[in-house]
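Novice: Following this message is one structure expressed as structure tokens.
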Amino acid sequence: MIKLAKAFQRITTIRLLILSSIFILAGFMLIGCSPPRVPVNTGAPSVLIDQELVYGTLPNGFQYILKKNTIPKDRVYVHLDVFAGSLVETDAQQGVAHYLEHMLFNGSTHFKPGELVDYFHSIGMDFGADANAHTGFFNTVYDLALPTADLRQLDKAFLIMEDYASGALLLESEVERERGVILAEKRERDSVSSRIFKQTLAFELNDSLLSRRFPIGIETVLKSADRALLKTYYDQWYR
């Protein structure tokens with residue numbers, strides 16, 4: 001458990017949600033940080049709070065939420081929530097938040113390009129189902145569904161999240177290789193329903209950035225994005 005606490009300390013100032021089994025949560029709460037049972041956001045007293053949630057903040061500012069869950073048995077779910085999405089992009093960065101989400105699977109401090117997906121497969125995780133991420137207007141979320149509650153896997157999960165938060169390599173060769181994937185995803189999203197949604201949003205919220213900052217971005221940026229552009233966003237919003 002002490003090892004678990006040390007692993008948890010490594011991650012920086014981005015919120016984490018863990019859905020875990022009772023013994024891991026209890027051990028962490030008692031031996032790790034002894035977190036206070038108070039909401040991270042206390043500014044809305046009228047909002048009902050799940051009494052089973054455990055909120056806390058580490059000395060480095062990292063905020064976390066824990067919830068014990070015994071079904072399915074001995075499973076751990078880890079979610080890293082970066083509070084930056086497409087709405088904080090500049091005109092020249094449209095699509096960078098989503099592009100960066102892809103890039104964090106393509107090389108980091110502790111995982112060379114290709115090694116992270118290989119590790120997921122080696123412990124029985126399915127990339128896409130058990131390890132994935134998504135980008136929205138307001139945040140970017142990285143998800144891990146660990147096959148067991150083994151502390152070695154949990155320690156490695158924290159290492160992966162640490163790399164997401166601060167260890168992206170953003171190799172130029174990987175940026176170029178991922179470009180085709182991003183452009184293909186943009187073409188796939190260009191459906192009738194998507195066009196209707198965009199036009200509706202533009203009509204209803206014409207003066208809002210929401211109608212001009214869709215996470216998929218714009219083609220001109222996606223075709224020219226390079227390491228420098230991605231790193232500028234990463235350094236500004238990730239911790």
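Naming scheme: A, B, ... for chains in displayed order of the structure tokens; residues 1 onward per chain; ligands 1 onward as shown.
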Go through region 67-136 of chain A residue by residue and, counting only C-alpha atoms, keep those with an atom at most 9 Å from region 153-170 of chain A; for each kept residue give the shortest atom pair and its distance in Å to one decimal, ordered by chain and increasing number, as CSV.
Specialist:
```
residue,atom,partner,partner_atom,distance
A:Val76,CA,A:Leu154,CA,7.8
A:Val78,CA,A:Ala157,CA,7.7
A:His79,CA,A:Met161,CA,8.6
A:Leu80,CA,A:Met161,CA,6.8
A:Val82,CA,A:Ala165,CA,8.1
A:Leu100,CA,A:Leu170,CA,8.4
A:Glu101,CA,A:Tyr164,CA,8.8
A:Met103,CA,A:Leu170,CA,6.5
A:Leu104,CA,A:Ala168,CA,5.8
A:Phe105,CA,A:Tyr164,CA,8.3
A:Asn106,CA,A:Leu170,CA,7.6
A:Gly107,CA,A:Leu169,CA,5.6
A:Ser108,CA,A:Ala168,CA,4.4
A:Thr109,CA,A:Gly167,CA,4.9
A:His110,CA,A:Asp163,CA,7.1
A:Phe111,CA,A:Ile160,CA,8.4
A:Lys112,CA,A:Leu169,CA,8.7
A:Leu116,CA,A:Ile160,CA,8.4
A:Ile123,CA,A:Gln153,CA,8.5
```
Novice: Export, as a compact mmCIF listing (two decimals), in the first residue's frame, the selected residues with all heavy atoms.
Specialist:
```
# COMPACT_ATOMS: atom_id res chain seq x y z
N VAL A 76 -10.27 -2.53 -11.35
CA VAL A 76 -9.92 -1.14 -11.07
C VAL A 76 -10.10 -0.33 -12.35
O VAL A 76 -9.61 -0.73 -13.41
CB VAL A 76 -8.47 -1.00 -10.57
CG1 VAL A 76 -8.14 0.47 -10.33
CG2 VAL A 76 -8.26 -1.80 -9.30
N VAL A 78 -9.49 3.51 -13.86
CA VAL A 78 -8.78 4.76 -13.62
C VAL A 78 -9.08 5.72 -14.76
O VAL A 78 -9.01 5.35 -15.93
CB VAL A 78 -7.25 4.51 -13.55
CG1 VAL A 78 -6.53 5.78 -13.16
CG2 VAL A 78 -6.92 3.39 -12.58
N HIS A 79 -9.44 6.94 -14.40
CA HIS A 79 -9.75 7.97 -15.38
C HIS A 79 -8.98 9.24 -15.06
O HIS A 79 -9.05 9.75 -13.94
CB HIS A 79 -11.26 8.28 -15.39
CG HIS A 79 -12.11 7.07 -15.55
ND1 HIS A 79 -12.43 6.52 -16.78
CD2 HIS A 79 -12.70 6.27 -14.63
CE1 HIS A 79 -13.19 5.45 -16.61
NE2 HIS A 79 -13.37 5.28 -15.31
N LEU A 80 -8.23 9.73 -16.01
CA LEU A 80 -7.50 10.99 -15.85
C LEU A 80 -8.24 12.07 -16.63
O LEU A 80 -8.38 11.98 -17.84
CB LEU A 80 -6.08 10.85 -16.38
CG LEU A 80 -5.18 12.07 -16.24
CD1 LEU A 80 -4.90 12.37 -14.77
CD2 LEU A 80 -3.88 11.87 -17.00
N VAL A 82 -8.32 15.79 -17.83
CA VAL A 82 -7.60 17.03 -18.07
C VAL A 82 -8.64 18.10 -18.41
O VAL A 82 -9.38 17.96 -19.37
CB VAL A 82 -6.61 16.88 -19.25
CG1 VAL A 82 -5.85 18.18 -19.47
CG2 VAL A 82 -5.65 15.74 -19.00
N LEU A 100 -3.72 15.76 -29.97
CA LEU A 100 -2.84 15.45 -28.86
C LEU A 100 -3.30 14.21 -28.10
O LEU A 100 -2.48 13.39 -27.66
CB LEU A 100 -2.77 16.65 -27.91
CG LEU A 100 -1.76 16.60 -26.77
CD1 LEU A 100 -0.35 16.42 -27.31
CD2 LEU A 100 -1.85 17.87 -25.95
N GLU A 101 -4.61 14.06 -27.97
CA GLU A 101 -5.15 12.86 -27.31
C GLU A 101 -4.65 11.60 -28.01
O GLU A 101 -4.24 10.63 -27.35
CB GLU A 101 -6.67 12.91 -27.34
CG GLU A 101 -7.37 11.64 -26.89
CD GLU A 101 -8.63 11.36 -27.68
OE1 GLU A 101 -9.45 12.29 -27.83
OE2 GLU A 101 -8.79 10.20 -28.14
N MET A 103 -1.91 11.38 -29.82
CA MET A 103 -0.45 11.31 -29.73
C MET A 103 0.04 10.72 -28.42
O MET A 103 1.14 10.16 -28.36
CB MET A 103 0.15 12.70 -29.93
CG MET A 103 0.06 13.23 -31.35
SD MET A 103 0.84 12.13 -32.55
CE MET A 103 2.51 12.05 -31.91
N LEU A 104 -0.73 10.81 -27.36
CA LEU A 104 -0.28 10.32 -26.07
C LEU A 104 -0.20 8.79 -26.01
O LEU A 104 0.34 8.23 -25.06
CB LEU A 104 -1.16 10.86 -24.95
CG LEU A 104 -0.98 12.36 -24.70
CD1 LEU A 104 -1.85 12.84 -23.55
CD2 LEU A 104 0.47 12.70 -24.42
N PHE A 105 -0.74 8.13 -27.03
CA PHE A 105 -0.59 6.67 -27.14
C PHE A 105 0.60 6.31 -28.02
O PHE A 105 0.89 5.14 -28.21
CB PHE A 105 -1.87 6.05 -27.71
CG PHE A 105 -3.07 6.17 -26.80
CD1 PHE A 105 -3.97 7.21 -26.96
CD2 PHE A 105 -3.29 5.26 -25.79
CE1 PHE A 105 -5.07 7.34 -26.13
CE2 PHE A 105 -4.39 5.37 -24.95
CZ PHE A 105 -5.28 6.41 -25.12
N ASN A 106 1.28 7.33 -28.57
CA ASN A 106 2.33 7.09 -29.57
C ASN A 106 3.71 7.52 -29.10
O ASN A 106 4.48 8.10 -29.85
CB ASN A 106 1.99 7.85 -30.87
CG ASN A 106 0.74 7.34 -31.53
OD1 ASN A 106 0.30 6.23 -31.25
ND2 ASN A 106 0.16 8.13 -32.40
N GLY A 107 4.02 7.23 -27.85
CA GLY A 107 5.34 7.53 -27.34
C GLY A 107 5.33 8.50 -26.18
O GLY A 107 4.76 9.58 -26.27
N SER A 108 5.94 8.07 -25.07
CA SER A 108 6.03 8.91 -23.87
C SER A 108 7.31 8.55 -23.14
O SER A 108 8.10 7.71 -23.59
CB SER A 108 4.80 8.72 -22.98
OG SER A 108 4.69 7.35 -22.57
N THR A 109 7.53 9.18 -22.01
CA THR A 109 8.78 9.02 -21.27
C THR A 109 9.11 7.55 -20.99
O THR A 109 10.25 7.11 -21.16
CB THR A 109 8.72 9.78 -19.93
OG1 THR A 109 8.49 11.17 -20.20
CG2 THR A 109 10.01 9.62 -19.16
N HIS A 110 8.12 6.78 -20.57
CA HIS A 110 8.36 5.40 -20.17
C HIS A 110 7.90 4.37 -21.20
O HIS A 110 8.07 3.16 -20.98
CB HIS A 110 7.67 5.12 -18.83
CG HIS A 110 8.17 5.97 -17.71
ND1 HIS A 110 7.57 7.15 -17.34
CD2 HIS A 110 9.26 5.83 -16.88
CE1 HIS A 110 8.24 7.69 -16.32
NE2 HIS A 110 9.25 6.92 -16.03
N PHE A 111 7.33 4.82 -22.31
CA PHE A 111 6.84 3.88 -23.32
C PHE A 111 7.18 4.41 -24.71
O PHE A 111 6.65 5.44 -25.14
CB PHE A 111 5.31 3.71 -23.20
CG PHE A 111 4.86 3.14 -21.88
CD1 PHE A 111 4.54 3.99 -20.83
CD2 PHE A 111 4.77 1.78 -21.69
CE1 PHE A 111 4.13 3.49 -19.61
CE2 PHE A 111 4.36 1.25 -20.47
CZ PHE A 111 4.05 2.11 -19.43
N LYS A 112 8.06 3.72 -25.39
CA LYS A 112 8.41 4.10 -26.76
C LYS A 112 7.19 3.87 -27.67
O LYS A 112 6.26 3.13 -27.30
CB LYS A 112 9.60 3.27 -27.25
CG LYS A 112 10.88 3.51 -26.47
CD LYS A 112 12.00 2.61 -26.98
CE LYS A 112 13.28 2.83 -26.18
NZ LYS A 112 14.37 1.93 -26.63
N LEU A 116 3.18 0.97 -25.53
CA LEU A 116 2.05 1.10 -24.62
C LEU A 116 0.92 0.15 -25.01
O LEU A 116 0.37 -0.56 -24.17
CB LEU A 116 1.54 2.54 -24.60
CG LEU A 116 0.45 2.87 -23.58
CD1 LEU A 116 0.90 2.52 -22.17
CD2 LEU A 116 0.05 4.34 -23.66
N ILE A 123 -1.33 -7.72 -20.70
CA ILE A 123 -2.04 -8.00 -19.45
C ILE A 123 -3.53 -8.26 -19.69
O ILE A 123 -4.34 -8.25 -18.76
CB ILE A 123 -1.86 -6.86 -18.43
CG1 ILE A 123 -2.44 -5.54 -18.95
CG2 ILE A 123 -0.41 -6.70 -18.06
CD1 ILE A 123 -2.46 -4.43 -17.91
```
Novice: Using only C-alpha atoms, which protein or nucleic acid residues come within 12 Å of His121 (chain A)? Drop anything in the same chain fewer than 6 positions from it, and give the result as number ranges by chain.
Specialist: A: 114-115, 127-131, 146-147
Novice: Extract the full set of strand (DSSP E or B) residues from region 70-191 of chain A according to DSSP on the backbone, and format it as an MDAnalysis selection string.
Specialist: chainID A and resid 76:82 108 111 127 131:135 140:146 168
Novice: Write the residues of the preceding selection, restricted to C-alpha atoms, as a short mmCIF file (atom, residue, chain, number, x, y, z; two decimals), in the first residue's frame.
Specialist:
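What ended up in part_5.cif:
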```
data_model
loop_
_atom_site.label_atom_id
_atom_site.label_comp_id
_atom_site.auth_asym_id
_atom_site.auth_seq_id
_atom_site.Cartn_x
_atom_site.Cartn_y
_atom_site.Cartn_z
CA VAL A 76 -9.92 -1.14 -11.07
CA TYR A 77 -10.99 1.69 -13.35
CA VAL A 78 -8.78 4.76 -13.62
CA HIS A 79 -9.75 7.97 -15.38
CA LEU A 80 -7.50 10.99 -15.85
CA ASP A 81 -9.52 14.15 -16.52
CA VAL A 82 -7.60 17.03 -18.07
CA SER A 108 6.03 8.91 -23.87
CA PHE A 111 6.84 3.88 -23.32
CA PHE A 127 -7.07 -1.26 -26.81
CA ALA A 131 -7.82 1.67 -22.84
CA ASN A 132 -9.19 4.71 -24.60
CA ALA A 133 -9.65 8.47 -24.45
CA HIS A 134 -12.01 11.17 -25.69
CA THR A 135 -11.89 14.91 -26.27
CA THR A 140 -9.92 15.48 -22.38
CA VAL A 141 -10.33 12.18 -20.53
CA TYR A 142 -8.07 9.12 -20.55
CA ASP A 143 -9.55 5.79 -19.43
CA LEU A 144 -8.03 2.55 -18.19
CA ALA A 145 -10.00 -0.55 -17.20
CA LEU A 146 -7.49 -2.82 -15.50
CA ALA A 168 4.46 13.04 -24.10
#
```
Novice: Please identify which residues in region 202-235 of chain A DSSP calls helix (DSSP H, G or I) from the backbone, and express them as a list in words.
Specialist: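 Checking each residue of region 202-235 of chain A, the helix (DSSP H, G or I) ones are Ala202, Phe203, Glu204, Leu209, Leu210, Ser211, Arg212, Glu219, Thr220, Val221, Leu222, Lys223, Ser224, Arg227, Ala228, Leu229, Leu230, Lys231, Thr232, Tyr233, Tyr234 and Asp235 of chain A.
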Novice: Based on the selection just made, write C-alpha atoms of those residues as a PDB file, in the first residue's frame.
Specialist:
```
ATOM      1  CA  ALA A 202     -24.455  27.910 -34.937  1.00  0.00           C
ATOM      2  CA  PHE A 203     -28.038  29.178 -35.025  1.00  0.00           C
ATOM      3  CA  GLU A 204     -28.757  28.817 -31.309  1.00  0.00           C
ATOM      4  CA  LEU A 209     -17.142  29.640 -29.286  1.00  0.00           C
ATOM      5  CA  LEU A 210     -19.067  26.369 -29.032  1.00  0.00           C
ATOM      6  CA  SER A 211     -20.213  26.797 -32.617  1.00  0.00           C
ATOM      7  CA  ARG A 212     -16.638  27.368 -33.815  1.00  0.00           C
ATOM      8  CA  GLU A 219      -8.705  20.507 -42.048  1.00  0.00           C
ATOM      9  CA  THR A 220      -6.204  23.320 -42.607  1.00  0.00           C
ATOM     10  CA  VAL A 221      -4.853  22.940 -39.072  1.00  0.00           C
ATOM     11  CA  LEU A 222      -4.897  19.146 -39.112  1.00  0.00           C
ATOM     12  CA  LYS A 223      -2.924  19.017 -42.362  1.00  0.00           C
ATOM     13  CA  SER A 224      -0.226  21.371 -41.117  1.00  0.00           C
ATOM     14  CA  ARG A 227       5.271  18.960 -32.974  1.00  0.00           C
ATOM     15  CA  ALA A 228       5.719  22.608 -32.047  1.00  0.00           C
ATOM     16  CA  LEU A 229       2.002  23.351 -32.326  1.00  0.00           C
ATOM     17  CA  LEU A 230       1.018  20.294 -30.297  1.00  0.00           C
ATOM     18  CA  LYS A 231       3.662  20.945 -27.641  1.00  0.00           C
ATOM     19  CA  THR A 232       2.539  24.535 -27.167  1.00  0.00           C
ATOM     20  CA  TYR A 233      -0.954  23.332 -26.252  1.00  0.00           C
ATOM     21  CA  TYR A 234       0.397  20.446 -24.178  1.00  0.00           C
ATOM     22  CA  ASP A 235       2.748  22.609 -22.133  1.00  0.00           C
TER      23      ASP A 235
END
```
Novice: Record the distance separating CA of Ala97 (chain A) and CA of Ala184 (chain A), expressed in Å with one decimal.
Specialist: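 That distance, rounded to one decimal, is 16.5 Å.
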Novice: Can you work out the spacing between CA of Asp74 (chain A) and CA of Phe120 (chain A) in Å, to one decimal?
Specialist: 17.6 Å
Novice: Give the answer as one residue: which of A:Phe214, A:Tyr55, A:Phe138, A:Tyr64 has the shortest atom-to-atom distance to Asp190 (chain A), using only C-alpha atoms?
Specialist: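 Under the stated criterion, the closest residue is A:Phe214.
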Novice: Between A:Ser46, A:Gln51, A:His102, A:Asn60, which one has atoms that come closest to Ile182 (chain A), using only C-alpha atoms?
Specialist: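 Looking at the shortest contact to Ile182 (chain A), the residue is A:His102.
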Novice: Do you have the CA of Leu183 (chain A)-CA of Phe137 (chain A) distance handy?
Specialist: 18.9 Å
